[in-house]
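Q: Can you read through this structure? Questions will come right after.
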Amino acid sequence: MGTSLKPAHTELPATPRPNPRLDTRPMPDPNHADCRGVASVLSRVGDKWSVFVIMMLSDGPKRFNELKRMINGISQRMLTLTLRGLERDGLVTRTIFPTIPPRVDYELTDLGRGLSRPVEALGKWAKDHLDQIEAARTKFDQRNNG
């Protein structure tokens with residue numbers, strides 16, 4: 001039995017407030033009403049495989065197997081699911097060419113190209129600071145496991 005990669009529990013009801021005089025919780029801030037929508041977008045563009053796919057497509061269209069070779073460690077199923085999700089969100093287009101066998105290219109849309117700049121900046125930051133982060137992790141682990 002595998003892990004389901006479909007979003008779940010996305011329709012969350014508001015917490016009932018039976019008696020406002022007894023309920024001391026603060027009222028939800030109306031300025032944060034769009035948090036659910038933003039959270040769903042961030043969950044798509046913030047997962048590691050989406051970041052890698054966006055980075056690999058930033059310099060032009062690629063075929064499926066080309067992407068698979070470029071992204072170390074991604075399974076065929078995960079790449080398929082990631083590309084499908086990015087396509088659904090309007091970040092990637094899938095073009096089928098009528099050749100034998102059919103050729104399929106994946107490419108960033110204008111929306112996806114706009115996202116590629118911050119994603120590349122995030123990837124560069126991670127690469128530039130990897131040594132510091134690994135040192136901090138080691139220090140934390142030694143402090144907390146020993």
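Chain lettering (A, B, ...) mirrors the order of the structure tokens, residue numbering begins at 1 for each chain separately, and ligand numbering begins at 1 in order of display.
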What's the 12 Å shell around Val51 in chain A, counting only C-alpha atoms, without same-chain residues fewer than 2 positions away, as a PyMOL selection string?
A: chain A and resi 42-49+53-58+71+79+82-83+86+91+112+115-124+126
Q: In range 72-129 of chain A, what's helix (DSSP H, G or I) per DSSP? Answer as a ChimeraX atom specification?
A: /A:76-88,110-128
Q: Now that the selection is made, can you save its residues with N, CA, C and O atoms as a compact mmCIF listing (two decimals), in the first residue's frame?
A:
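Output below, filename out-v7.txt:
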# COMPACT_ATOMS: atom_id res chain seq x y z
N GLN A 76 9.73 7.39 -11.54
CA GLN A 76 8.88 7.69 -12.69
C GLN A 76 7.50 8.14 -12.23
O GLN A 76 6.95 9.11 -12.74
N ARG A 77 6.96 7.44 -11.24
CA ARG A 77 5.63 7.79 -10.72
C ARG A 77 5.63 9.19 -10.11
O ARG A 77 4.71 9.98 -10.34
N MET A 78 6.65 9.52 -9.32
CA MET A 78 6.69 10.83 -8.68
C MET A 78 6.86 11.94 -9.71
O MET A 78 6.25 13.01 -9.59
N LEU A 79 7.67 11.70 -10.73
CA LEU A 79 7.82 12.70 -11.78
C LEU A 79 6.50 12.90 -12.52
O LEU A 79 6.11 14.03 -12.80
N THR A 80 5.81 11.81 -12.80
CA THR A 80 4.50 11.91 -13.46
C THR A 80 3.53 12.72 -12.62
O THR A 80 2.86 13.64 -13.13
N LEU A 81 3.44 12.41 -11.33
CA LEU A 81 2.53 13.13 -10.44
C LEU A 81 2.91 14.61 -10.30
O LEU A 81 2.04 15.49 -10.28
N THR A 82 4.21 14.87 -10.22
CA THR A 82 4.67 16.25 -10.08
C THR A 82 4.35 17.05 -11.33
O THR A 82 3.81 18.17 -11.25
N LEU A 83 4.65 16.50 -12.50
CA LEU A 83 4.34 17.19 -13.75
C LEU A 83 2.84 17.41 -13.91
O LEU A 83 2.40 18.49 -14.34
N ARG A 84 2.05 16.42 -13.55
CA ARG A 84 0.60 16.55 -13.65
C ARG A 84 0.09 17.67 -12.73
O ARG A 84 -0.76 18.47 -13.13
N GLY A 85 0.61 17.74 -11.51
CA GLY A 85 0.21 18.79 -10.58
C GLY A 85 0.63 20.17 -11.06
O GLY A 85 -0.15 21.13 -10.97
N LEU A 86 1.84 20.28 -11.59
CA LEU A 86 2.31 21.57 -12.11
C LEU A 86 1.51 21.99 -13.33
O LEU A 86 1.22 23.18 -13.52
N GLU A 87 1.12 21.01 -14.14
CA GLU A 87 0.29 21.31 -15.31
C GLU A 87 -1.09 21.77 -14.86
O GLU A 87 -1.64 22.75 -15.37
N ARG A 88 -1.65 21.10 -13.87
CA ARG A 88 -2.97 21.46 -13.34
C ARG A 88 -2.97 22.88 -12.80
O ARG A 88 -3.94 23.62 -12.96
N ASP A 110 4.16 31.02 -18.89
CA ASP A 110 4.57 32.35 -18.42
C ASP A 110 4.50 32.40 -16.89
O ASP A 110 5.39 32.96 -16.24
N LEU A 111 3.44 31.83 -16.34
CA LEU A 111 3.28 31.79 -14.88
C LEU A 111 4.42 31.00 -14.25
O LEU A 111 5.01 31.42 -13.25
N GLY A 112 4.76 29.87 -14.84
CA GLY A 112 5.87 29.05 -14.33
C GLY A 112 7.21 29.74 -14.45
O GLY A 112 8.06 29.63 -13.57
N ARG A 113 7.42 30.47 -15.56
CA ARG A 113 8.68 31.21 -15.71
C ARG A 113 8.79 32.31 -14.65
O ARG A 113 9.88 32.58 -14.15
N GLY A 114 7.67 32.92 -14.29
CA GLY A 114 7.69 33.91 -13.21
C GLY A 114 8.08 33.28 -11.89
O GLY A 114 8.75 33.90 -11.06
N LEU A 115 7.67 32.05 -11.68
CA LEU A 115 8.01 31.33 -10.44
C LEU A 115 9.45 30.84 -10.47
O LEU A 115 10.08 30.69 -9.42
N SER A 116 10.00 30.60 -11.66
CA SER A 116 11.34 30.02 -11.73
C SER A 116 12.40 30.94 -11.12
O SER A 116 13.38 30.46 -10.55
N ARG A 117 12.21 32.25 -11.19
CA ARG A 117 13.20 33.16 -10.62
C ARG A 117 13.32 32.99 -9.11
O ARG A 117 14.43 32.78 -8.60
N PRO A 118 12.22 33.07 -8.35
CA PRO A 118 12.37 32.85 -6.90
C PRO A 118 12.79 31.43 -6.55
O PRO A 118 13.54 31.23 -5.59
N VAL A 119 12.36 30.44 -7.33
CA VAL A 119 12.77 29.05 -7.06
C VAL A 119 14.27 28.90 -7.28
O VAL A 119 14.95 28.27 -6.46
N GLU A 120 14.79 29.48 -8.34
CA GLU A 120 16.24 29.41 -8.58
C GLU A 120 17.01 30.14 -7.49
O GLU A 120 18.07 29.68 -7.06
N ALA A 121 16.47 31.27 -7.03
CA ALA A 121 17.13 32.00 -5.94
C ALA A 121 17.15 31.15 -4.67
O ALA A 121 18.16 31.10 -3.95
N LEU A 122 16.06 30.46 -4.40
CA LEU A 122 16.00 29.57 -3.24
C LEU A 122 16.99 28.42 -3.38
O LEU A 122 17.72 28.09 -2.43
N GLY A 123 17.06 27.82 -4.56
CA GLY A 123 18.02 26.75 -4.80
C GLY A 123 19.45 27.22 -4.65
O GLY A 123 20.29 26.54 -4.06
N LYS A 124 19.75 28.41 -5.16
CA LYS A 124 21.11 28.97 -5.04
C LYS A 124 21.43 29.23 -3.57
O LYS A 124 22.52 28.93 -3.10
N TRP A 125 20.46 29.79 -2.83
CA TRP A 125 20.67 30.04 -1.40
C TRP A 125 20.98 28.73 -0.68
O TRP A 125 21.90 28.66 0.13
N ALA A 126 20.20 27.68 -0.97
CA ALA A 126 20.41 26.39 -0.32
C ALA A 126 21.80 25.84 -0.63
O ALA A 126 22.50 25.34 0.26
N LYS A 127 22.21 25.95 -1.88
CA LYS A 127 23.53 25.45 -2.28
C LYS A 127 24.64 26.26 -1.61
O LYS A 127 25.61 25.70 -1.10
N ASP A 128 24.48 27.59 -1.58
CA ASP A 128 25.49 28.46 -0.98
C ASP A 128 25.64 28.27 0.53
O ASP A 128 26.70 28.54 1.09
Q: Please indicate the distance in Å from CA of Phe52 in chain A to CA of Phe64 in chain A, rounded to one decimal place.
A: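 Computing the Euclidean distance for CA of Phe52 in chain A and CA of Phe64 in chain A yields 13.3 Å.
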Q: Between CA of Leu130 in chain A and CA of Asn145 in chain A, measure the distance and give it in Å to one decimal.
A: 21.8 Å
Q: Nearest residue to Val41 in chain A out of A:Tyr106, A:Gly60, A:Met70, A:Asp89, using only C-alpha atoms?
A: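 Comparing A:Tyr106, A:Gly60, A:Met70, A:Asp89 against Val41 in chain A, the winner is A:Asp89.
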Q: From range 22-111 of chain A, collect each residue whose DSSP state is strand (DSSP E) and return the set as a PyMOL selection string.
A: chain A and resi 62-63+92-97+103-108
